[in-house]
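So this block is run.csv, CSV, C-alpha atoms:
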chain,number,residue,atom,x,y,z
L,22,MET,CA,-17.2,14.3,-16.2
L,23,THR,CA,-17.7,10.6,-15.4
L,24,LEU,CA,-18.6,8.0,-18.1
L,25,GLY,CA,-22.2,8.0,-16.8
L,26,GLN,CA,-22.5,11.8,-17.1
L,27,PHE,CA,-20.9,11.7,-20.5
L,28,ALA,CA,-23.3,9.0,-21.7
L,29,VAL,CA,-26.3,11.1,-20.5
L,30,ALA,CA,-24.9,14.2,-22.3
L,31,VAL,CA,-24.5,12.0,-25.5
L,32,GLY,CA,-28.0,10.5,-25.0
L,33,ALA,CA,-26.7,6.9,-25.3
L,34,PRO,CA,-26.0,3.9,-23.1
L,35,LYS,CA,-22.5,3.8,-21.6
L,36,ARG,CA,-21.7,0.6,-23.6
L,37,TRP,CA,-22.5,2.4,-26.9
L,38,VAL,CA,-20.2,5.3,-25.9
L,39,GLN,CA,-17.4,3.0,-25.1
L,40,ASN,CA,-17.8,0.9,-28.3
L,41,ALA,CA,-18.1,4.0,-30.5
L,42,MET,CA,-15.0,5.6,-29.0
L,43,ARG,CA,-13.1,2.3,-29.6
L,44,VAL,CA,-14.2,2.1,-33.2
L,45,LEU,CA,-13.4,5.8,-33.8
L,46,ARG,CA,-10.1,5.4,-32.0
L,47,VAL,CA,-10.9,8.4,-29.7
L,48,ARG,CA,-9.2,8.6,-26.4
L,49,PRO,CA,-11.8,8.3,-23.6
L,50,ARG,CA,-11.8,11.8,-22.4
L,51,TYR,CA,-15.2,12.8,-21.1
L,52,THR,CA,-15.7,16.5,-22.0
L,53,PRO,CA,-18.8,18.5,-23.1
L,54,GLU,CA,-17.2,19.0,-26.5
L,55,GLY,CA,-16.6,15.3,-26.9
L,56,ALA,CA,-20.2,14.6,-25.9
L,57,LYS,CA,-21.5,17.0,-28.5
L,58,ARG,CA,-19.5,15.4,-31.3
L,59,LEU,CA,-20.5,11.9,-30.2
L,60,ALA,CA,-24.2,12.9,-29.9
L,61,PHE,CA,-24.0,14.2,-33.5
L,62,VAL,CA,-22.4,10.9,-34.6
L,63,ARG,CA,-25.1,9.0,-32.9
L,64,MET,CA,-27.9,11.1,-34.5
L,65,LEU,CA,-26.5,10.3,-37.9
L,66,ARG,CA,-25.9,6.7,-37.2
L,67,ASP,CA,-29.3,6.0,-35.7
L,68,GLY,CA,-31.3,8.3,-37.9
L,69,LEU,CA,-29.7,7.5,-41.2
L,70,GLY,CA,-27.6,4.4,-40.7
L,71,MET,CA,-24.4,6.3,-41.6
L,72,PRO,CA,-21.2,4.4,-40.7
L,73,LEU,CA,-19.6,5.7,-37.6
L,74,ALA,CA,-16.4,7.0,-39.3
L,75,ARG,CA,-18.2,9.0,-41.9
L,76,ALA,CA,-20.7,10.3,-39.3
L,77,ASP,CA,-17.7,11.4,-37.2
L,78,ARG,CA,-16.2,13.3,-40.2
L,79,VAL,CA,-19.6,15.1,-40.8
L,80,ALA,CA,-19.9,15.9,-37.1
L,81,ARG,CA,-16.5,17.5,-36.9
L,82,GLN,CA,-17.2,19.6,-40.0
L,83,ALA,CA,-20.7,20.7,-39.0
L,84,LEU,CA,-19.7,21.6,-35.4
L,85,ALA,CA,-16.6,23.5,-36.5
L,86,ALA,CA,-18.7,25.5,-38.9
L,87,TRP,CA,-21.1,26.6,-36.1
L,88,PRO,CA,-22.1,29.4,-35.4
L,89,ALA,CA,-21.3,30.8,-38.8
L,90,ARG,CA,-23.5,28.1,-40.3
L,91,LYS,CA,-26.6,27.3,-38.2
L,92,VAL,CA,-27.9,24.8,-40.8
L,93,TRP,CA,-25.4,22.2,-42.1
L,94,ASP,CA,-25.9,20.8,-45.6
L,95,TYR,CA,-24.1,17.6,-46.6
L,96,GLU,CA,-24.3,16.1,-50.1
L,97,ALA,CA,-23.7,12.4,-50.4
L,98,GLY,CA,-23.8,12.1,-54.1
L,99,ASP,CA,-25.9,13.6,-56.9
L,100,ALA,CA,-29.3,12.7,-55.6
L,101,VAL,CA,-28.9,12.6,-51.8
L,102,ALA,CA,-28.4,15.5,-49.5
L,103,LEU,CA,-28.6,15.9,-45.7
L,104,ARG,CA,-29.6,19.0,-43.8
L,105,VAL,CA,-29.1,19.3,-40.1
L,106,ASP,CA,-30.4,22.1,-37.9
L,107,VAL,CA,-27.2,22.5,-35.9
L,108,GLU,CA,-28.7,25.2,-33.7
L,109,ARG,CA,-31.6,22.9,-32.7
L,110,PHE,CA,-29.2,20.0,-32.2
L,111,LEU,CA,-27.0,22.1,-29.9
L,112,GLY,CA,-30.0,23.1,-28.0
L,113,SER,CA,-30.9,19.4,-27.3
L,114,CYS,CA,-27.3,18.8,-26.4
L,115,ALA,CA,-27.4,21.7,-23.9
L,116,VAL,CA,-30.4,20.1,-22.2
L,117,ARG,CA,-28.7,16.7,-21.9
L,118,LEU,CA,-25.5,18.4,-20.6
L,119,SER,CA,-27.6,20.2,-18.0
L,120,LEU,CA,-29.2,16.9,-17.0
L,121,SER,CA,-25.9,15.2,-16.7
L,122,ARG,CA,-24.7,17.8,-14.2
L,123,THR,CA,-27.9,18.3,-12.2
L,124,TYR,CA,-30.1,15.2,-12.5
L,125,TYR,CA,-27.8,12.3,-13.1
L,126,ALA,CA,-26.2,10.7,-10.1
L,127,GLU,CA,-24.1,7.5,-9.9
L,128,LYS,CA,-26.2,4.6,-8.6
L,129,ARG,CA,-25.3,3.2,-5.2
L,130,ARG,CA,-22.9,0.4,-5.7
L,131,GLY,CA,-22.8,-3.0,-4.0
L,132,ARG,CA,-25.4,-5.3,-2.7
L,133,PRO,CA,-28.2,-3.8,-0.5
L,134,ARG,CA,-27.8,-4.3,3.2
L,135,LYS,CA,-29.4,-7.4,4.6
L,136,HIS,CA,-31.9,-7.4,7.5
L,137,VAL,CA,-32.7,-3.7,7.0
L,138,ARG,CA,-35.6,-2.6,9.2
L,139,HIS,CA,-38.4,-0.7,7.6
L,140,GLY,CA,-41.1,1.7,8.7
L,141,ILE,CA,-40.7,3.8,11.8
L,142,ALA,CA,-38.1,1.6,13.5
L,143,GLY,CA,-36.0,1.6,10.4
L,144,ALA,CA,-36.2,5.4,10.0
L,145,ARG,CA,-35.3,5.9,13.7
L,146,GLU,CA,-32.3,3.6,13.2
L,147,TYR,CA,-31.3,5.6,10.1
L,148,GLY,CA,-31.4,8.8,12.2
L,149,VAL,CA,-34.7,10.3,11.2
L,150,ASP,CA,-36.3,12.4,13.9
L,151,ILE,CA,-39.7,10.7,14.2
L,152,SER,CA,-41.1,13.5,16.4
L,153,LEU,CA,-40.8,15.9,13.5
L,154,LEU,CA,-42.9,13.5,11.4
L,155,GLU,CA,-45.5,13.1,14.1
L,156,GLU,CA,-45.7,16.9,14.4
L,157,SER,CA,-46.1,17.3,10.7
L,158,LEU,CA,-48.8,14.6,10.4
L,159,ARG,CA,-50.9,16.5,12.9
L,160,ARG,CA,-51.2,19.3,10.3
L,161,THR,CA,-53.3,19.2,7.1
L,162,PRO,CA,-51.4,19.0,3.7
L,163,GLU,CA,-52.3,22.7,3.1
L,164,GLU,CA,-50.8,23.7,6.4
L,165,ARG,CA,-47.6,21.7,5.6
L,166,LEU,CA,-47.2,23.5,2.3
L,167,ARG,CA,-47.8,26.9,4.0
L,168,ARG,CA,-45.1,26.0,6.5
L,169,LEU,CA,-42.7,25.0,3.7
L,170,ASP,CA,-43.2,28.4,2.1
L,171,ALA,CA,-42.4,30.0,5.4
L,172,ASP,CA,-39.3,27.9,5.9
L,173,VAL,CA,-38.0,28.6,2.4
L,174,ALA,CA,-38.7,32.4,2.9
L,175,ALA,CA,-36.7,32.2,6.2
L,176,LEU,CA,-33.8,30.4,4.5
L,177,LYS,CA,-33.7,33.1,1.8
L,178,LEU,CA,-33.6,35.8,4.5
L,179,LEU,CA,-30.7,34.0,6.2
L,180,ARG,CA,-28.8,33.9,2.9
L,181,VAL,CA,-29.4,37.6,2.4
L,182,ALA,CA,-28.0,38.2,5.9
L,183,GLU,CA,-24.8,36.3,5.1
L,184,PRO,CA,-21.8,38.6,4.4
C,20,MET,CA,-44.9,28.0,-9.1
C,21,ALA,CA,-47.3,25.1,-8.7
C,22,THR,CA,-50.3,27.4,-8.3
C,23,ASP,CA,-49.3,29.5,-11.3
C,24,LEU,CA,-49.0,26.4,-13.4
C,25,ALA,CA,-52.4,25.2,-12.3
C,26,ARG,CA,-53.9,28.6,-13.1
C,27,ALA,CA,-52.4,28.4,-16.6
C,28,ASP,CA,-54.4,25.2,-17.1
C,29,VAL,CA,-51.2,23.1,-17.3
C,30,ARG,CA,-52.0,19.4,-16.4
C,31,PHE,CA,-49.3,18.1,-14.1
C,32,VAL,CA,-48.6,16.1,-11.0
C,33,VAL,CA,-46.2,17.4,-8.3
C,34,ILE,CA,-43.5,14.8,-7.5
C,35,GLY,CA,-40.3,14.9,-5.5
C,36,GLY,CA,-39.6,17.0,-2.4
C,37,LEU,CA,-42.7,19.1,-2.4
C,38,ALA,CA,-44.9,15.9,-2.7
C,39,ALA,CA,-42.9,14.4,0.2
C,40,ARG,CA,-43.5,17.6,2.2
C,41,THR,CA,-47.3,17.4,1.4
C,42,HIS,CA,-47.3,13.9,2.9
C,43,GLY,CA,-45.5,15.0,6.1
C,44,SER,CA,-41.8,15.0,5.3
C,45,SER,CA,-39.8,17.4,7.5
C,46,ARG,CA,-37.3,18.1,4.8
C,47,ILE,CA,-37.1,21.6,3.2
C,48,THR,CA,-37.1,21.7,-0.5
C,49,GLU,CA,-36.6,24.8,-2.7
C,50,ASP,CA,-37.2,23.3,-6.1
C,51,LEU,CA,-40.4,22.0,-7.7
C,52,ASP,CA,-40.5,18.7,-9.6
C,53,ILE,CA,-43.4,18.0,-11.9
C,54,CYS,CA,-44.5,15.3,-14.3
C,55,TYR,CA,-46.6,16.8,-17.1
C,56,ASP,CA,-49.2,15.5,-19.5
C,57,PRO,CA,-47.3,15.1,-22.9
C,58,ASP,CA,-50.5,15.9,-24.8
C,59,ARG,CA,-49.6,18.5,-27.5
C,60,ALA,CA,-51.8,21.3,-26.2
C,61,ASN,CA,-50.6,20.8,-22.7
C,62,VAL,CA,-47.0,20.8,-23.7
C,63,ARG,CA,-47.7,24.1,-25.6
C,64,ARG,CA,-49.2,25.6,-22.5
C,65,LEU,CA,-46.3,24.5,-20.3
C,66,ALA,CA,-43.7,25.8,-22.8
C,67,ASN,CA,-45.5,29.2,-22.9
C,68,VAL,CA,-45.5,29.4,-19.1
C,69,LEU,CA,-41.8,28.4,-18.9
C,70,ALA,CA,-40.8,30.9,-21.6
C,71,GLY,CA,-42.6,33.6,-19.7
C,72,TRP,CA,-40.6,32.6,-16.6
C,73,HIS,CA,-37.4,32.9,-18.7
C,74,ALA,CA,-36.6,29.3,-18.0
C,75,TYR,CA,-32.9,28.3,-18.7
C,76,LEU,CA,-30.9,25.2,-18.2
C,77,ARG,CA,-29.5,24.6,-14.8
C,78,GLY,CA,-25.9,23.7,-14.3
C,79,VAL,CA,-24.6,25.0,-17.7
C,80,GLY,CA,-23.2,28.4,-18.5
C,81,PRO,CA,-25.2,31.2,-20.2
C,82,GLY,CA,-25.3,31.7,-23.9
C,83,LEU,CA,-26.0,28.2,-25.1
C,84,PRO,CA,-28.4,27.9,-28.1
C,85,PHE,CA,-31.5,27.1,-26.0
C,86,THR,CA,-35.0,28.1,-26.9
C,87,MET,CA,-37.9,27.2,-24.6
C,88,ASP,CA,-40.7,26.2,-26.9
C,89,GLU,CA,-43.0,23.3,-27.6
C,90,ARG,CA,-40.5,21.7,-30.0
C,91,THR,CA,-37.7,21.7,-27.4
C,92,LEU,CA,-39.9,20.2,-24.8
C,93,ARG,CA,-41.1,17.5,-27.1
C,94,SER,CA,-37.6,16.5,-28.2
C,95,THR,CA,-36.2,16.6,-24.7
C,96,PRO,CA,-39.0,15.8,-22.3
C,97,VAL,CA,-36.9,15.8,-19.2
C,98,MET,CA,-35.3,19.1,-18.2
C,99,THR,CA,-33.7,20.7,-15.1
C,100,LEU,CA,-34.4,24.4,-15.2
C,101,VAL,CA,-33.8,27.6,-13.4
C,102,THR,CA,-36.6,30.2,-13.7
C,103,ASP,CA,-37.5,33.7,-12.5
C,104,HIS,CA,-39.5,31.9,-9.7
C,105,GLY,CA,-37.0,29.2,-8.7
C,106,ASP,CA,-35.6,25.9,-9.8
C,107,LEU,CA,-38.0,23.6,-11.6
C,108,ASP,CA,-37.5,20.0,-12.9
C,109,VAL,CA,-40.0,18.8,-15.6
C,110,MET,CA,-40.5,15.3,-17.0
C,111,ASP,CA,-43.1,13.4,-18.8
C,112,ARG,CA,-42.8,10.1,-16.9
C,113,VAL,CA,-41.6,9.0,-13.4
C,114,LEU,CA,-39.2,6.1,-13.0
C,115,GLY,CA,-40.8,3.4,-10.9
C,116,VAL,CA,-44.3,4.7,-11.6
C,117,GLY,CA,-44.7,5.1,-15.4
C,118,GLU,CA,-46.0,7.5,-17.9
C,119,PHE,CA,-48.3,10.4,-17.1
C,120,PRO,CA,-51.6,8.4,-17.0
C,121,LYS,CA,-50.2,6.1,-14.4
C,122,VAL,CA,-48.7,9.0,-12.5
C,123,LEU,CA,-52.0,10.8,-12.5
C,124,ALA,CA,-53.8,7.7,-11.3
C,125,ALA,CA,-51.4,7.5,-8.4
C,126,SER,CA,-51.9,11.1,-7.3
C,127,ILE,CA,-54.1,12.9,-4.8
C,128,ALA,CA,-55.5,16.4,-4.8
C,129,ALA,CA,-53.8,19.1,-2.7
C,130,SER,CA,-54.5,22.8,-2.5
C,131,ALA,CA,-52.3,25.8,-1.8
C,132,GLY,CA,-52.9,29.5,-2.4
C,133,GLY,CA,-56.5,28.9,-3.3
C,134,THR,CA,-55.6,26.5,-6.2
C,135,THR,CA,-55.9,22.8,-6.4
C,136,PHE,CA,-53.3,20.6,-8.1
C,137,ARG,CA,-52.4,16.9,-8.1
C,138,VAL,CA,-49.6,15.5,-5.9
C,139,LEU,CA,-48.0,12.0,-6.3
C,140,ASP,CA,-49.3,9.8,-3.5
C,141,LEU,CA,-47.0,8.4,-0.8
C,142,PRO,CA,-46.7,4.7,-2.0
C,143,ALA,CA,-45.9,5.9,-5.6
C,144,LEU,CA,-43.5,8.5,-4.3
C,145,LEU,CA,-41.7,5.8,-2.3
C,146,ALA,CA,-41.6,3.5,-5.4
C,147,ALA,CA,-40.1,6.4,-7.5
C,148,LYS,CA,-37.4,7.2,-4.9
C,149,LYS,CA,-36.4,3.5,-4.8
C,150,ALA,CA,-36.4,3.1,-8.6
C,151,THR,CA,-33.9,5.9,-9.3
C,152,GLY,CA,-31.2,4.2,-7.2
C,153,ARG,CA,-29.6,7.6,-6.6
C,154,ARG,CA,-28.1,8.2,-3.2
C,155,LYS,CA,-30.0,11.4,-2.6
C,156,ASP,CA,-33.3,9.7,-3.3
C,157,LEU,CA,-32.5,6.5,-1.3
C,158,ASP,CA,-31.6,8.7,1.7
C,159,GLN,CA,-35.2,9.8,1.8
C,160,VAL,CA,-36.7,6.3,1.7
C,161,PRO,CA,-36.5,5.6,5.5
C,162,GLU,CA,-38.4,8.8,6.2
C,163,LEU,CA,-41.1,8.1,3.6
C,164,GLU,CA,-41.5,4.5,4.9
C,165,ALA,CA,-41.9,5.8,8.4
C,166,LEU,CA,-44.6,8.2,7.2
C,167,LEU,CA,-46.4,5.4,5.4
C,168,GLU,CA,-46.4,3.3,8.6
C,169,ALA,CA,-47.4,6.3,10.8
C,170,ARG,CA,-50.3,7.0,8.4
C,171,ARG,CA,-51.5,3.4,8.5
C,172,ARG,CA,-51.4,3.4,12.3
C,173,ARG,CA,-53.4,6.7,12.4
C,174,ARG,CA,-56.0,5.2,10.1
C,175,ARG,CA,-56.4,2.1,12.3
C,176,ARG,CA,-57.1,4.2,15.3

Representation of the structure as structure tokens:
Amino acid sequence: MTLGQFAVAVGAPKRWVQNAMRVLRVRPRYTPEGAKRLAFVRMLRDGLGMPLARADRVARQALAAWPARKVWDYEAGDAVALRVDVERFLGSCAVRLSLSRTYYAEKRRGRPRKHVRHGIAGAREYGVDISLLEESLRRTPEERLRRLDADVAALKLLRVAEP
Amino acid sequence: MATDLARADVRFVVIGGLAARTHGSSRITEDLDICYDPDRANVRRLANVLAGWHAYLRGVGPGLPFTMDERTLRSTPVMTLVTDHGDLDVMDRVLGVGEFPKVLAASIAASAGGTTFRVLDLPALLAAKKATGRRKDLDQVPELEALLEARRRRRRR
């Protein structure tokens, strides 16, 4: 996992992740388990204003107790109690973990190229086969979608034919 | 999938590869990306359809505590899913375009399989691809720009 993927899994900006790890004196290892714990910490920090160190202690306890305890109760004195739906929390974590692996991609680095040509000339220079586009534009949108369905079906057949 | 969603009265706009294909792209895409209306009733309808398709998270192992329901969709509005009918990405806004009302305003009607649904128009699709900054999206920009120019030329004729 990269820092960017880890931050997506936590649901926080990269800078927050780095600062929180520094404050908690956690070695910057970007693992799904670490992301779960830090996401829990962030939830308590943002939702309740709990200090990071205490939130980290609660997160460790609550996550260690799952799946035996699906709901975590934490009492912070005589009159204050906290209840966390750990099952729900882990569900949200799983969604973010999925996004970090499938949707997130590192942004292209460096300055964009100068004097880049746009439009048809730019696409041709980039290696796009313009004749395919012209052919496609002769069809109606409905025909294009039908053809896509046929292409995808053909691809599936090819995959089935693979040993 | 798009036609089934439309038949289930889910309000959505097709974005991504299928939208590009509708506008003339030659690329083959196997997944469907949609931006849905975050209205409560619409989210409920979408969640019901996705639950019926046994939607599960893509890229993670089985057995995680994941329930596809309205509450899950409301708390995590962007998801990449695998379903009985194929891969599906759902989101309630599009980077570079905005939230659902803006996405809807920048869409056109398309029909397939006897059903009509909305598809993000070419200029908005181009803006979305540029806004993500991801290599796989930026790689598609030259083709979309060429399509935009070709379409303008055809209109002038």

Review point. For chain C against chain L, which residues fall within 9 Å using all atoms listed in the file, given as number ranges by chain?
Key: C: 37, 40-49, 76-79, 83-86, 91, 94-95, 97-100, 108, 129-132, 151-155, 157-158, 160-170

Within 8 Å of stretch 23-28 of chain C, which residues of stretch 63-118 of chain C come that close, and what is the closest atom pair and distance in Å for each? Count all atoms listed in the file and give it as JSON lines.
{"residue": "C:Arg64", "atom": "CA", "partner": "C:Ala27", "partner_atom": "CA", "distance": 7.3}
{"residue": "C:Leu65", "atom": "CA", "partner": "C:Leu24", "partner_atom": "CA", "distance": 7.6}
{"residue": "C:Val68", "atom": "CA", "partner": "C:Leu24", "partner_atom": "CA", "distance": 7.3}

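The space between atom CA of L:Arg48 and atom CA of L:Thr23 spans 14.0 Å.
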
Check your understanding: For C:Val62, which residue out of C:Val116, C:Val33, C:Val109, C:Val138 is the nearest one, using all atoms listed in the file?
Key -> C:Val109

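Compared by their closest atoms to L:Ala80, and using only C-alpha atoms, the residues L:Leu59, L:Leu178, L:Ala171, L:Ala100 rank with L:Leu59 nearest.
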
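Put simply, atom CA of L:Ala60 is 20.7 Å away from atom CA of C:Pro81.
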
Review point. Pick the closest to C:Gly80 from C:Val101, C:Asn61, C:Ile53, C:Ala147: which is it, counting only C-alpha atoms?
Key: C:Val101

Check your understanding: Do you know which residues are at most 9 Å from C:Ala128 counting all atoms listed in the file, after dropping those on the same chain fewer than 6 positions away, and could you put them as a PyMOL selection string?
Key -> chain C and resi 135-139

Could you dump the residues just selected with C-alpha atoms as an mmCIF file, keeping the file's coordinate frame?
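Okay, this is what ended up in again.cif:
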data_model
loop_
_atom_site.group_PDB
_atom_site.id
_atom_site.type_symbol
_atom_site.label_atom_id
_atom_site.label_comp_id
_atom_site.auth_asym_id
_atom_site.auth_seq_id
_atom_site.Cartn_x
_atom_site.Cartn_y
_atom_site.Cartn_z
ATOM 1 C CA THR C 135 -55.900 22.800 -6.400
ATOM 2 C CA PHE C 136 -53.300 20.600 -8.100
ATOM 3 C CA ARG C 137 -52.400 16.900 -8.100
ATOM 4 C CA VAL C 138 -49.600 15.500 -5.900
ATOM 5 C CA LEU C 139 -48.000 12.000 -6.300
#

Exercise for review: Take atom CA of C:Val29 and atom CA of C:Asp50 and report the distance between them in Å, one decimal.
Suggested key: 17.9 Å

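Minimum atom-to-atom distance to C:Glu89, evaluated using only C-alpha atoms, belongs to C:Arg59 out of C:His104, C:Arg59, C:Arg172, C:Lys149.
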
Review point. Got a sec to check which residues sit within 10 Å of (-16.2, 5.3, -39.6), counting all atoms listed in the file, and write them as a VMD selection string?
Key: chain L and resid 41 44 to 46 62 71 to 78

Completion step: stretch 29-49 of chain C with N, CA and C atoms as a short mmCIF file (atom, residue, chain, number, x, y, z; two decimals), in the coordinates of the input:
data_model
loop_
_atom_site.label_atom_id
_atom_site.label_comp_id
_atom_site.auth_asym_id
_atom_site.auth_seq_id
_atom_site.Cartn_x
_atom_site.Cartn_y
_atom_site.Cartn_z
N VAL C 29 -52.18 24.11 -16.99
CA VAL C 29 -51.20 23.10 -17.30
C VAL C 29 -51.59 21.83 -16.49
N ARG C 30 -51.69 20.67 -17.16
CA ARG C 30 -52.00 19.40 -16.40
C ARG C 30 -50.65 18.81 -15.97
N PHE C 31 -50.51 18.66 -14.68
CA PHE C 31 -49.30 18.10 -14.10
C PHE C 31 -49.51 17.51 -12.77
N VAL C 32 -48.54 16.74 -12.33
CA VAL C 32 -48.60 16.10 -11.00
C VAL C 32 -47.27 16.54 -10.30
N VAL C 33 -47.38 17.05 -9.09
CA VAL C 33 -46.20 17.40 -8.30
C VAL C 33 -45.54 16.13 -7.81
N ILE C 34 -44.24 16.00 -8.05
CA ILE C 34 -43.50 14.80 -7.50
C ILE C 34 -42.32 15.35 -6.73
N GLY C 35 -41.51 14.49 -6.19
CA GLY C 35 -40.30 14.90 -5.50
C GLY C 35 -40.51 15.52 -4.13
N GLY C 36 -39.63 16.45 -3.78
CA GLY C 36 -39.60 17.00 -2.40
C GLY C 36 -40.86 17.65 -1.95
N LEU C 37 -41.50 18.38 -2.84
CA LEU C 37 -42.70 19.10 -2.40
C LEU C 37 -43.84 18.08 -2.16
N ALA C 38 -43.88 17.00 -2.96
CA ALA C 38 -44.90 15.90 -2.70
C ALA C 38 -44.60 15.29 -1.37
N ALA C 39 -43.31 15.03 -1.10
CA ALA C 39 -42.90 14.40 0.20
C ALA C 39 -43.37 15.33 1.33
N ARG C 40 -43.16 16.62 1.16
CA ARG C 40 -43.50 17.60 2.20
C ARG C 40 -45.07 17.58 2.42
N THR C 41 -45.80 17.46 1.32
CA THR C 41 -47.30 17.40 1.40
C THR C 41 -47.71 16.21 2.26
N HIS C 42 -46.95 15.11 2.16
CA HIS C 42 -47.30 13.90 2.90
C HIS C 42 -46.75 13.89 4.32
N GLY C 43 -46.01 14.95 4.69
CA GLY C 43 -45.50 15.00 6.10
C GLY C 43 -44.05 15.01 6.26
N SER C 44 -43.28 14.98 5.19
CA SER C 44 -41.80 15.00 5.30
C SER C 44 -41.36 16.27 6.02
N SER C 45 -40.29 16.17 6.79
CA SER C 45 -39.80 17.40 7.50
C SER C 45 -38.71 18.07 6.71
N ARG C 46 -38.37 17.54 5.55
CA ARG C 46 -37.30 18.10 4.80
C ARG C 46 -37.73 19.41 4.04
N ILE C 47 -36.79 20.33 3.94
CA ILE C 47 -37.10 21.60 3.20
C ILE C 47 -36.61 21.41 1.78
N THR C 48 -37.49 21.73 0.87
CA THR C 48 -37.10 21.70 -0.50
C THR C 48 -37.36 23.04 -1.17
N GLU C 49 -36.45 23.43 -2.03
CA GLU C 49 -36.60 24.80 -2.70
C GLU C 49 -36.97 24.65 -4.13
#
